[in-house]
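Content type mmCIF, C-alpha atoms (C1' of nucleotides), from the file input.cif:
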data_model
#
loop_
_atom_site.label_atom_id
_atom_site.label_comp_id
_atom_site.auth_asym_id
_atom_site.auth_seq_id
_atom_site.Cartn_x
_atom_site.Cartn_y
_atom_site.Cartn_z
CA MET H 1 36.10 -16.89 112.99
CA ILE H 2 36.32 -13.64 114.94
CA VAL H 3 32.56 -13.46 115.42
CA HIS H 4 32.26 -17.02 116.66
CA GLU H 5 35.49 -17.42 118.62
CA GLY H 6 36.41 -13.84 119.40
CA LEU H 7 39.61 -11.95 118.78
CA ASP H 8 41.29 -14.40 121.06
CA GLY H 9 40.69 -17.69 119.38
CA PHE H 10 41.49 -16.02 116.10
CA GLY H 11 44.96 -17.09 114.94
CA VAL H 12 46.94 -16.65 111.76
CA ASN H 13 47.75 -20.34 111.48
CA LYS H 14 44.14 -21.33 112.08
CA LEU H 15 42.96 -18.88 109.45
CA ALA H 16 45.46 -20.13 106.88
CA ARG H 17 44.47 -23.72 107.50
CA ALA H 18 40.78 -22.86 107.18
CA ALA H 19 41.43 -20.92 103.99
CA GLY H 20 43.53 -23.72 102.54
CA VAL H 21 46.66 -21.64 102.07
CA SER H 22 50.04 -21.39 103.71
CA PRO H 23 50.47 -18.99 106.64
CA ALA H 24 53.24 -17.37 104.64
CA THR H 25 50.80 -16.46 101.87
CA LEU H 26 48.88 -14.21 104.22
CA TYR H 27 52.01 -12.17 104.84
CA ILE H 28 52.26 -11.35 101.14
CA TYR H 29 49.03 -9.37 101.43
CA PHE H 30 49.08 -8.23 105.04
CA LYS H 31 51.87 -6.77 107.14
CA ASP H 32 50.93 -8.73 110.25
CA ARG H 33 47.99 -10.13 112.17
CA GLU H 34 46.79 -6.71 113.34
CA ASP H 35 47.03 -5.25 109.84
CA LEU H 36 44.94 -8.11 108.51
CA ILE H 37 42.22 -7.60 111.09
CA ILE H 38 42.19 -3.84 110.55
CA GLN H 39 42.01 -4.12 106.76
CA VAL H 40 39.13 -6.58 106.93
CA THR H 41 37.37 -4.32 109.42
CA LEU H 42 37.90 -1.31 107.17
CA ARG H 43 36.38 -3.14 104.22
CA VAL H 44 33.34 -4.42 106.09
CA THR H 45 32.74 -1.05 107.74
CA GLN H 46 33.22 0.85 104.49
CA THR H 47 30.65 -1.35 102.76
CA MET H 48 28.20 -0.84 105.59
CA LEU H 49 28.56 2.95 105.43
CA GLU H 50 28.21 2.99 101.65
CA GLU H 51 25.04 0.92 101.93
CA SER H 52 23.68 3.24 104.59
CA LEU H 53 24.08 6.18 102.19
CA ARG H 54 22.46 4.47 99.20
CA ASP H 55 19.89 6.79 97.60
CA PHE H 56 20.57 9.25 100.38
CA ASP H 57 21.16 12.93 99.86
CA PRO H 58 22.11 15.39 102.63
CA ASP H 59 19.63 17.85 101.12
CA MET H 60 16.72 15.50 101.76
CA HIS H 61 13.98 16.50 104.16
CA PHE H 62 14.86 15.34 107.63
CA GLU H 63 12.22 12.68 108.13
CA GLU H 64 12.74 11.25 104.65
CA GLY H 65 16.52 11.18 105.10
CA LEU H 66 16.45 9.60 108.52
CA ARG H 67 13.96 6.95 107.43
CA LYS H 68 16.11 6.18 104.40
CA GLN H 69 19.15 5.67 106.62
CA TRP H 70 17.29 3.48 109.06
CA HIS H 71 15.98 1.27 106.29
CA ASN H 72 19.34 1.10 104.54
CA ARG H 73 21.08 0.04 107.72
CA ALA H 74 18.40 -2.42 108.75
CA SER H 75 18.24 -4.07 105.34
CA HIS H 76 22.00 -4.31 105.03
CA PHE H 77 22.28 -5.87 108.44
CA THR H 78 19.46 -8.33 108.12
CA ARG H 79 20.96 -9.45 104.81
CA ASN H 80 24.45 -9.67 106.35
CA PRO H 81 23.95 -10.64 109.98
CA LEU H 82 27.56 -11.71 110.36
CA ASP H 83 28.68 -8.19 109.43
CA VAL H 84 26.68 -6.70 112.31
CA GLU H 85 28.33 -8.87 114.88
CA PHE H 86 31.74 -8.35 113.35
CA ILE H 87 31.47 -4.57 113.19
CA GLU H 88 30.05 -4.33 116.70
CA LYS H 89 32.74 -6.59 118.06
CA MET H 90 35.46 -4.54 116.43
CA ARG H 91 33.75 -1.32 117.46
CA TYR H 92 34.23 -2.33 121.08
CA SER H 93 37.71 -3.74 120.63
CA HIS H 94 40.99 -2.08 121.51
CA LEU H 95 41.78 -1.76 117.79
CA TYR H 96 38.84 0.49 117.11
CA ASN H 97 40.62 3.82 117.22
CA LYS H 98 42.95 2.61 114.46
CA VAL H 99 39.91 2.07 112.26
CA SER H 100 37.44 4.83 113.10
CA VAL H 101 39.42 7.81 111.87
CA GLN H 102 40.04 6.47 108.39
CA VAL H 103 36.50 5.29 107.87
CA TYR H 104 34.31 8.06 109.17
CA ALA H 105 36.18 10.96 107.56
CA SER H 106 34.02 11.41 104.48
CA PHE H 107 30.93 9.98 106.15
CA LYS H 108 31.08 12.65 108.82
CA ASP H 109 30.88 15.44 106.26
CA VAL H 110 27.73 14.11 104.63
CA MET H 111 26.01 13.52 107.96
CA GLY H 112 27.11 16.88 109.29
CA LYS H 113 25.62 18.64 106.29
CA PHE H 114 22.38 16.69 106.61
CA VAL H 115 22.00 17.68 110.25
CA ARG H 116 22.88 21.32 109.65
CA ASN H 117 20.38 21.51 106.80
CA ALA H 118 17.64 19.99 108.92
CA ILE H 119 18.29 22.40 111.78
CA GLU H 120 18.25 25.40 109.42
CA ARG H 121 14.94 24.26 107.95
CA LYS H 122 13.50 23.89 111.47
CA GLU H 123 12.85 20.20 110.81
CA LEU H 124 15.19 19.19 113.62
CA ILE H 125 15.73 20.78 117.01
CA GLU H 126 19.09 22.36 117.71
CA LEU H 127 21.41 20.01 119.58
CA PRO H 128 25.03 18.79 119.74
CA PHE H 129 25.95 16.25 117.10
CA GLU H 130 26.71 13.52 119.63
CA VAL H 131 23.31 13.90 121.28
CA TYR H 132 21.67 13.81 117.87
CA TRP H 133 23.56 10.68 116.92
CA SER H 134 22.78 8.97 120.21
CA VAL H 135 19.05 9.58 119.96
CA ALA H 136 18.77 9.05 116.21
CA PHE H 137 20.75 5.84 115.73
CA ALA H 138 21.60 4.11 118.99
CA PRO H 139 18.04 2.74 119.35
CA LEU H 140 18.23 1.23 115.86
CA TYR H 141 21.52 -0.47 116.58
CA GLN H 142 20.14 -1.80 119.85
CA LEU H 143 17.12 -3.23 118.06
CA ILE H 144 19.37 -4.85 115.49
CA LYS H 145 21.42 -6.33 118.31
CA PHE H 146 18.29 -7.72 119.96
CA HIS H 147 17.36 -9.17 116.58
CA THR H 148 20.68 -10.82 115.79
CA GLN H 149 21.42 -12.21 119.23
CA GLU H 150 17.99 -13.84 119.16
CA LYS H 151 17.27 -13.98 122.89
CA THR H 152 17.96 -11.38 125.55
CA PHE H 153 15.02 -10.31 127.68
CA GLY H 154 13.04 -13.38 128.57
CA HIS H 155 10.03 -14.62 126.62
CA GLN H 156 10.28 -15.31 122.89
CA PRO H 157 13.12 -14.06 120.68
CA PHE H 158 12.75 -10.55 119.31
CA LYS H 159 12.33 -10.15 115.56
CA LEU H 160 12.98 -6.80 113.93
CA THR H 161 9.83 -6.50 111.85
CA ASP H 162 8.87 -3.53 109.68
CA GLU H 163 6.25 -2.70 112.28
CA SER H 164 8.55 -2.55 115.30
CA MET H 165 11.12 -0.61 113.29
CA GLU H 166 8.55 1.91 112.12
CA LEU H 167 7.32 2.26 115.70
CA ALA H 168 10.81 2.97 117.00
CA LEU H 169 11.49 5.38 114.14
CA GLN H 170 8.30 7.28 114.92
CA LEU H 171 9.39 7.63 118.53
CA VAL H 172 12.80 8.91 117.51
CA LEU H 173 11.24 11.37 115.09
CA LYS H 174 8.88 12.60 117.79
CA ALA H 175 11.89 13.19 120.01
CA LEU H 176 13.91 15.08 117.42
CA LYS H 177 11.33 17.21 115.64
CA PRO H 178 10.59 20.72 116.94
CA ALA H 179 7.34 21.08 118.86
CA MET A 1 44.45 -5.64 130.86
CA ILE A 2 41.43 -6.70 128.85
CA VAL A 3 40.30 -3.14 128.28
CA HIS A 4 43.71 -1.97 127.13
CA GLU A 5 44.97 -5.00 125.24
CA GLY A 6 41.77 -6.81 124.39
CA LEU A 7 40.72 -10.39 125.06
CA ASP A 8 43.56 -11.42 122.85
CA GLY A 9 46.57 -9.95 124.58
CA PHE A 10 45.07 -11.13 127.86
CA GLY A 11 46.97 -14.16 129.13
CA VAL A 12 46.96 -16.15 132.33
CA ASN A 13 50.72 -16.03 132.72
CA LYS A 14 50.78 -12.28 132.08
CA LEU A 15 48.04 -11.74 134.63
CA ALA A 16 49.80 -13.82 137.27
CA ARG A 17 53.04 -11.95 136.72
CA ALA A 18 51.27 -8.59 136.94
CA ALA A 19 49.45 -9.69 140.10
CA GLY A 20 52.65 -10.98 141.68
CA VAL A 21 51.41 -14.54 142.15
CA SER A 22 52.09 -17.89 140.58
CA PRO A 23 49.97 -18.96 137.60
CA ALA A 24 49.06 -22.04 139.62
CA THR A 25 47.46 -19.87 142.29
CA LEU A 26 44.87 -18.59 139.85
CA TYR A 27 43.70 -22.13 139.22
CA ILE A 28 42.86 -22.56 142.89
CA TYR A 29 40.16 -19.93 142.52
CA PHE A 30 39.18 -20.30 138.86
CA LYS A 31 38.54 -23.39 136.78
CA ASP A 32 40.27 -22.01 133.72
CA ARG A 33 40.91 -18.83 131.76
CA GLU A 34 37.34 -18.55 130.53
CA ASP A 35 35.88 -19.11 133.98
CA LEU A 36 38.10 -16.35 135.33
CA ILE A 37 36.98 -13.88 132.68
CA ILE A 38 33.32 -14.79 133.14
CA GLN A 39 33.45 -14.50 136.93
CA VAL A 40 35.09 -11.08 136.75
CA THR A 41 32.52 -10.00 134.18
CA LEU A 42 29.70 -11.23 136.39
CA ARG A 43 31.00 -9.24 139.33
CA VAL A 44 31.51 -6.01 137.43
CA THR A 45 28.14 -6.31 135.70
CA GLN A 46 26.35 -7.19 138.92
CA THR A 47 27.79 -4.13 140.64
CA MET A 48 26.73 -1.93 137.73
CA LEU A 49 23.17 -3.23 137.83
CA GLU A 50 22.94 -2.81 141.59
CA GLU A 51 24.16 0.76 141.28
CA SER A 52 21.63 1.44 138.55
CA LEU A 53 18.83 0.38 140.88
CA ARG A 54 20.02 2.45 143.88
CA ASP A 55 17.08 4.38 145.36
CA PHE A 56 14.95 3.05 142.55
CA ASP A 57 11.51 1.57 143.01
CA PRO A 58 9.43 -0.02 140.24
CA ASP A 59 6.40 1.81 141.62
CA MET A 60 7.96 5.19 140.96
CA HIS A 61 6.38 7.55 138.49
CA PHE A 62 7.79 6.92 135.05
CA GLU A 63 9.72 10.14 134.54
CA GLU A 64 11.17 10.05 138.05
CA GLY A 65 12.18 6.40 137.69
CA LEU A 66 13.77 6.79 134.30
CA ARG A 67 15.69 9.90 135.38
CA LYS A 68 16.89 8.05 138.47
CA GLN A 69 18.21 5.20 136.35
CA TRP A 70 19.92 7.50 133.90
CA HIS A 71 21.65 9.37 136.70
CA ASN A 72 22.62 6.19 138.51
CA ARG A 73 24.15 4.70 135.39
CA ALA A 74 25.89 7.90 134.36
CA SER A 75 27.36 8.54 137.78
CA HIS A 76 28.53 4.97 138.21
CA PHE A 77 30.19 4.99 134.83
CA THR A 78 31.86 8.37 135.13
CA ARG A 79 33.23 7.27 138.48
CA ASN A 80 34.36 3.90 137.05
CA PRO A 81 35.26 4.59 133.43
CA LEU A 82 37.21 1.34 133.17
CA ASP A 83 34.05 -0.60 134.05
CA VAL A 84 32.20 0.89 131.09
CA GLU A 85 34.78 -0.20 128.61
CA PHE A 86 35.08 -3.60 130.21
CA ILE A 87 31.36 -4.27 130.28
CA GLU A 88 30.86 -3.04 126.74
CA LYS A 89 33.76 -5.08 125.49
CA MET A 90 32.42 -8.21 127.15
CA ARG A 91 28.90 -7.39 126.01
CA TYR A 92 30.09 -7.67 122.44
CA SER A 93 32.33 -10.66 122.98
CA HIS A 94 31.56 -14.26 122.15
CA LEU A 95 31.36 -15.04 125.87
CA TYR A 96 28.41 -12.74 126.45
CA ASN A 97 25.65 -15.33 126.30
CA LYS A 98 27.34 -17.21 129.14
CA VAL A 99 27.02 -14.09 131.28
CA SER A 100 23.76 -12.40 130.33
CA VAL A 101 21.34 -15.05 131.52
CA GLN A 102 22.72 -15.26 135.06
CA VAL A 103 22.95 -11.51 135.51
CA TYR A 104 19.74 -10.11 134.12
CA ALA A 105 17.37 -12.62 135.69
CA SER A 106 16.31 -10.57 138.74
CA PHE A 107 16.96 -7.27 137.02
CA LYS A 108 14.47 -8.13 134.29
CA ASP A 109 11.67 -8.59 136.81
CA VAL A 110 12.13 -5.17 138.39
CA MET A 111 12.35 -3.42 135.03
CA GLY A 112 9.40 -5.35 133.67
CA LYS A 113 7.24 -4.30 136.59
CA PHE A 114 8.35 -0.68 136.23
CA VAL A 115 7.39 -0.63 132.56
CA ARG A 116 4.05 -2.37 133.13
CA ASN A 117 3.19 0.06 135.91
CA ALA A 118 4.02 3.04 133.75
CA ILE A 119 1.91 1.77 130.86
CA GLU A 120 -1.04 1.11 133.14
CA ARG A 121 -0.80 4.62 134.56
CA LYS A 122 -0.70 6.04 131.01
CA GLU A 123 2.69 7.60 131.74
CA LEU A 124 4.29 5.53 128.99
CA ILE A 125 2.98 4.54 125.58
CA GLU A 126 2.30 0.89 124.94
CA LEU A 127 5.21 -0.82 123.16
CA PRO A 128 7.28 -4.01 123.13
CA PHE A 129 9.89 -4.22 125.84
CA GLU A 130 12.80 -4.32 123.38
CA VAL A 131 11.61 -1.16 121.65
CA TYR A 132 11.22 0.52 125.01
CA TRP A 133 14.69 -0.50 126.07
CA SER A 134 16.25 0.61 122.80
CA VAL A 135 14.71 4.07 122.93
CA ALA A 136 15.07 4.54 126.69
CA PHE A 137 18.66 3.45 127.28
CA ALA A 138 20.62 2.98 124.08
CA PRO A 139 21.06 6.76 123.67
CA LEU A 140 22.50 7.03 127.17
CA TYR A 141 24.98 4.23 126.58
CA GLN A 142 26.00 5.83 123.30
CA LEU A 143 26.59 9.16 125.04
CA ILE A 144 28.66 7.44 127.70
CA LYS A 145 30.67 5.75 124.96
CA PHE A 146 31.28 9.11 123.26
CA HIS A 147 32.36 10.44 126.63
CA THR A 148 34.78 7.66 127.53
CA GLN A 149 36.40 7.21 124.15
CA GLU A 150 37.11 10.94 124.16
CA LYS A 151 37.18 11.59 120.41
CA THR A 152 34.86 10.23 117.75
CA PHE A 153 33.18 12.75 115.50
CA GLY A 154 35.71 15.41 114.61
CA HIS A 155 36.07 18.70 116.51
CA GLN A 156 36.70 18.69 120.26
CA PRO A 157 36.14 15.67 122.54
CA PHE A 158 32.63 15.20 123.83
CA LYS A 159 32.04 15.58 127.56
CA LEU A 160 28.91 14.13 129.13
CA THR A 161 27.78 17.17 131.13
CA ASP A 162 24.62 17.41 133.21
CA GLU A 163 23.22 19.68 130.52
CA SER A 164 23.73 17.34 127.57
CA MET A 165 22.44 14.41 129.61
CA GLU A 166 19.34 16.30 130.66
CA LEU A 167 18.79 17.33 127.05
CA ALA A 168 19.00 13.75 125.83
CA LEU A 169 16.75 12.55 128.65
CA GLN A 170 14.13 15.15 127.76
CA LEU A 171 14.16 13.94 124.16
CA VAL A 172 13.74 10.35 125.25
CA LEU A 173 10.90 11.28 127.59
CA LYS A 174 9.21 13.22 124.80
CA ALA A 175 9.44 10.11 122.65
CA LEU A 176 8.05 7.73 125.26
CA LYS A 177 5.30 9.74 126.92
CA PRO A 178 1.77 9.52 125.53
CA ALA A 179 0.64 12.51 123.46
"C1'" DT V 1 60.75 -22.41 74.26
"C1'" DT V 2 63.45 -19.91 77.23
"C1'" DT V 3 63.80 -16.88 81.02
"C1'" DA V 4 62.81 -13.59 84.48
"C1'" DA V 5 59.48 -11.97 87.79
"C1'" DA V 6 55.68 -12.93 90.94
"C1'" DA V 7 53.11 -15.88 93.88
"C1'" DA V 8 52.82 -19.48 96.94
"C1'" DT V 9 54.64 -22.91 99.75
"C1'" DA V 10 56.50 -26.33 103.53
"C1'" DA V 11 59.05 -26.35 107.42
"C1'" DG V 12 59.99 -24.63 111.48
"C1'" DC V 13 62.01 -20.62 114.47
"C1'" DG V 14 61.74 -18.62 119.25
"C1'" DA V 15 58.21 -17.08 122.24
"C1'" DT V 16 54.26 -17.51 124.55
"C1'" DC V 17 50.03 -19.96 125.34
"C1'" DG V 18 46.90 -22.35 129.01
"C1'" DC V 19 47.61 -25.34 132.43
"C1'" DT V 20 49.56 -29.11 135.88
"C1'" DC V 21 52.24 -31.30 139.45
"C1'" DA V 22 55.49 -32.23 143.08
"C1'" DT V 23 56.81 -29.56 146.68
"C1'" DT V 24 57.08 -25.89 150.08
"C1'" DT V 25 54.96 -22.47 153.06
"C1'" DA V 26 51.27 -20.74 155.91
"C1'" DT V 27 47.26 -21.44 158.90
"C1'" DC V 28 44.60 -23.68 162.19
"C1'" DT V 29 43.45 -27.35 165.80
"C1'" DT V 30 44.54 -29.85 169.68
"C1'" DA Z 1 54.82 -28.10 170.11
"C1'" DA Z 2 53.01 -31.44 166.99
"C1'" DG Z 3 50.22 -32.67 163.46
"C1'" DA Z 4 46.69 -31.91 159.96
"C1'" DT Z 5 44.73 -29.00 156.46
"C1'" DA Z 6 44.80 -25.36 153.23
"C1'" DA Z 7 47.15 -22.10 150.30
"C1'" DA Z 8 50.67 -20.95 147.36
"C1'" DT Z 9 54.57 -21.85 144.64
"C1'" DG Z 10 58.50 -22.71 140.90
"C1'" DA Z 11 59.41 -25.27 137.15
"C1'" DG Z 12 58.06 -26.66 133.05
"C1'" DC Z 13 54.80 -29.67 129.99
"C1'" DG Z 14 52.89 -30.00 125.19
"C1'" DA Z 15 50.55 -27.07 122.11
"C1'" DT Z 16 49.99 -23.16 119.75
"C1'" DC Z 17 51.29 -18.44 118.85
"C1'" DG Z 18 52.89 -14.92 115.14
"C1'" DC Z 19 56.02 -14.86 111.76
"C1'" DT Z 20 60.27 -15.87 108.50
"C1'" DT Z 21 63.21 -18.02 105.15
"C1'" DA Z 22 64.88 -21.00 101.53
"C1'" DT Z 23 62.71 -23.16 97.97
"C1'" DT Z 24 59.37 -24.44 94.51
"C1'" DT Z 25 55.54 -23.43 91.51
"C1'" DT Z 26 53.00 -20.39 88.62
"C1'" DT Z 27 52.55 -16.62 85.50
"C1'" DA Z 28 53.80 -13.93 81.75
"C1'" DA Z 29 56.89 -11.62 78.69
"C1'" DA Z 30 60.49 -12.31 74.91
#

Just dump the structure as structure tokens.
Amino acid sequence: MIVHEGLDGFGVNKLARAAGVSPATLYIYFKDREDLIIQVTLRVTQTMLEESLRDFDPDMHFEEGLRKQWHNRASHFTRNPLDVEFIEKMRYSHLYNKVSVQVYASFKDVMGKFVRNAIERKELIELPFEVYWSVAFAPLYQLIKFHTQEKTFGHQPFKLTDESMELALQLVLKALKPA
Amino acid sequence: MIVHEGLDGFGVNKLARAAGVSPATLYIYFKDREDLIIQVTLRVTQTMLEESLRDFDPDMHFEEGLRKQWHNRASHFTRNPLDVEFIEKMRYSHLYNKVSVQVYASFKDVMGKFVRNAIERKELIELPFEVYWSVAFAPLYQLIKFHTQEKTFGHQPFKLTDESMELALQLVLKALKPA
DNA sequence: TTTAAAAATAAGCGATCGCTCATTTATCTT
DNA sequence: AAGATAAATGAGCGATCGCTTATTTTTAAA
């Protein structure tokens, strides 16, 4: 409902009717509307982050680790396209700061270690974490967005194939590896 | 209002009260709530795109042109931080497809020409437009998001300085330039 | 089978939603 | 100054909002 009609357009009564339960039932499990949205967001985001760390180890070599994360994210998102749109929507909503802290706590540690390892091993240039994150993952998320929203820049819809993903990953690796 | 309270939380009556006019007045200038939101979005987005093309020419050398666009975007957004959040919020809202087509029509042509020129001149590797866009601009937007939302990944808030922007731009250029 | 706790419900509260209409106020033309 | 047009308004419509309460149904222990 939130993906298709937005946060406005999402109502407790509507949801209850669609779910075939009484509005009152929802308030047994959730404090209020905002709590419901946040808890759902936490669960979807948590699942996404767990999937992105599947078979990942912060002691991996940099290229192997980054490729693993790209593939994990891409495969999770192409298998759950609704999740992408939901997470992105929430990520840019005014409720985001109530979600981010709780979710990224443990995730941050693993990623931080991975980056520090890679820098120590001279497999990754030295740079602030935010710059690393922006170069390493923002392109992937943009590609996924192009993929899920079907049409953006003229001509035919963009499909996130293995080829285009590998191409983008190669570019990112070229940017991040020491000369 | 939309940035701070979200699309839900944004109401016509509230807006009229805050603006010191009658709700009926709004309907002289806008068809309905959605039309109002879309028109405001169009105006803010249009301004952003115009600013991003200031002093830009699609016949510029690739590095010069890309740097120009990065600086234009960054300076516009740091001077109008509310616009960033608004545009991003709308970009991930369910109303986005009603906005995107109208806005990016002319913009697409200029950018397309710029990219084609650069590839012809061997200043840019050959790649699909979406991949180019994802690598060339997504990192910048992510950095701006880090900057505006103040705190994301632990430690102290990230500030988008000239240094960190130049660093990120250099990485992106390294990724996109032919070997 | 009885009984207490837990889960779910229908009905509807006051508040606010998006929006309209009959009327008044401001602006412009002659 | 008079009359016509445009702009703006206050009041409030029906619908929906988030949410609660008194009651019934379901579950499970004794």

Quiz item: Quick one: residues within 12 Å of range 17-28 of chain V, only C-alpha atoms (C1' of nucleotides) counted, chain neighbours fewer than 5 positions away excluded, as a PyMOL selection string?
Solution: (chain H and resi 8-9+11) or (chain A and resi 8-14+22-28+30-34) or (chain Z and resi 3-18)

Exercise. Give me the residues within 8 Å of range 39-42 of chain H as JSON, numbers by chain, counting all atoms listed in the file and dropping any in the same chain fewer than 5 places off.
Key: {"H": [86, 87, 90, 99, 103]}

Written selection (C-alpha atoms) as a PDB file, in the coordinates of the input:
ATOM      1  CA  PHE H  86      31.740  -8.350 113.350  1.00  0.00           C
ATOM      2  CA  ILE H  87      31.470  -4.570 113.190  1.00  0.00           C
ATOM      3  CA  MET H  90      35.460  -4.540 116.430  1.00  0.00           C
ATOM      4  CA  VAL H  99      39.910   2.070 112.260  1.00  0.00           C
ATOM      5  CA  VAL H 103      36.500   5.290 107.870  1.00  0.00           C
TER       6      VAL H 103
END

Quiz prompt | Residues matched by the PyMOL selection byres ((chain V and resi 4) around 12), written as an MDAnalysis selection string | solution = (chainID V and resid 2:3 5:6) or (chainID Z and resid 27:30)

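Every protein, DNA or RNA residue with an atom at most 9 Å from range 108-115 of chain A, where only C-alpha atoms (C1' of nucleotides) count and chain neighbours fewer than 4 positions away do not, is listed here: H:Phe153, H:Gly154, A:Asp57, A:Pro58, A:Asp59, A:Met60, A:His61, A:Phe62, A:Gly65, A:Tyr104, A:Ile119, A:Glu120, A:Leu124, A:Phe129, A:Tyr132.
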
Practice problem: Write out as a PyMOL selection string every residue belonging to chain H that has an atom at most 9 Å from any atom of chain A, counting only C-alpha atoms. | Solution: chain H and resi 2-10+85+88-95+97+100-101+104-105+108+127-143+146+149+152-154+158+164-165+167-168+170-176

Export C-alpha atoms of the chosen residues as a tab-separated table (two decimals), in the frame of the given file?
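The new file again-v8.tsv reads:
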chain	number	residue	atom	x	y	z
H	2	ILE	CA	36.32	-13.64	114.94
H	3	VAL	CA	32.56	-13.46	115.42
H	4	HIS	CA	32.26	-17.02	116.66
H	5	GLU	CA	35.49	-17.42	118.62
H	6	GLY	CA	36.41	-13.84	119.40
H	7	LEU	CA	39.61	-11.95	118.78
H	8	ASP	CA	41.29	-14.40	121.06
H	9	GLY	CA	40.69	-17.69	119.38
H	10	PHE	CA	41.49	-16.02	116.10
H	85	GLU	CA	28.33	-8.87	114.88
H	88	GLU	CA	30.05	-4.33	116.70
H	89	LYS	CA	32.74	-6.59	118.06
H	90	MET	CA	35.46	-4.54	116.43
H	91	ARG	CA	33.75	-1.32	117.46
H	92	TYR	CA	34.23	-2.33	121.08
H	93	SER	CA	37.71	-3.74	120.63
H	94	HIS	CA	40.99	-2.08	121.51
H	95	LEU	CA	41.78	-1.76	117.79
H	97	ASN	CA	40.62	3.82	117.22
H	100	SER	CA	37.44	4.83	113.10
H	101	VAL	CA	39.42	7.81	111.87
H	104	TYR	CA	34.31	8.06	109.17
H	105	ALA	CA	36.18	10.96	107.56
H	108	LYS	CA	31.08	12.65	108.82
H	127	LEU	CA	21.41	20.01	119.58
H	128	PRO	CA	25.03	18.79	119.74
H	129	PHE	CA	25.95	16.25	117.10
H	130	GLU	CA	26.71	13.52	119.63
H	131	VAL	CA	23.31	13.90	121.28
H	132	TYR	CA	21.67	13.81	117.87
H	133	TRP	CA	23.56	10.68	116.92
H	134	SER	CA	22.78	8.97	120.21
H	135	VAL	CA	19.05	9.58	119.96
H	136	ALA	CA	18.77	9.05	116.21
H	137	PHE	CA	20.75	5.84	115.73
H	138	ALA	CA	21.60	4.11	118.99
H	139	PRO	CA	18.04	2.74	119.35
H	140	LEU	CA	18.23	1.23	115.86
H	141	TYR	CA	21.52	-0.47	116.58
H	142	GLN	CA	20.14	-1.80	119.85
H	143	LEU	CA	17.12	-3.23	118.06
H	146	PHE	CA	18.29	-7.72	119.96
H	149	GLN	CA	21.42	-12.21	119.23
H	152	THR	CA	17.96	-11.38	125.55
H	153	PHE	CA	15.02	-10.31	127.68
H	154	GLY	CA	13.04	-13.38	128.57
H	158	PHE	CA	12.75	-10.55	119.31
H	164	SER	CA	8.55	-2.55	115.30
H	165	MET	CA	11.12	-0.61	113.29
H	167	LEU	CA	7.32	2.26	115.70
H	168	ALA	CA	10.81	2.97	117.00
H	170	GLN	CA	8.30	7.28	114.92
H	171	LEU	CA	9.39	7.63	118.53
H	172	VAL	CA	12.80	8.91	117.51
H	173	LEU	CA	11.24	11.37	115.09
H	174	LYS	CA	8.88	12.60	117.79
H	175	ALA	CA	11.89	13.19	120.01
H	176	LEU	CA	13.91	15.08	117.42

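We find CA of Thr161 in chain A and CA of Ser75 in chain A to be spaced 10.9 Å apart.
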
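For the atom pair formed by CA of Ser52 in chain A and CA of Asn72 in chain A, the distance is 4.9 Å, given to one decimal.
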
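Counting from CA of Leu66 in chain A, the distance to CA of Glu166 in chain H is 23.3 Å.
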
Exercise. Could you please select, counting only C-alpha atoms (C1' of nucleotides), the residues of chain V within 9 Å of chain H and state them as a ChimeraX atom specification?
Key: /V:7-10

Could those residues be written to a file, using C-alpha atoms (C1' of nucleotides), as an mmCIF file, in the frame of the given file?
data_model
loop_
_atom_site.group_PDB
_atom_site.id
_atom_site.type_symbol
_atom_site.label_atom_id
_atom_site.label_comp_id
_atom_site.auth_asym_id
_atom_site.auth_seq_id
_atom_site.Cartn_x
_atom_site.Cartn_y
_atom_site.Cartn_z
ATOM 1 C "C1'" DA V 7 53.110 -15.880 93.880
ATOM 2 C "C1'" DA V 8 52.820 -19.480 96.940
ATOM 3 C "C1'" DT V 9 54.640 -22.910 99.750
ATOM 4 C "C1'" DA V 10 56.500 -26.330 103.530
#
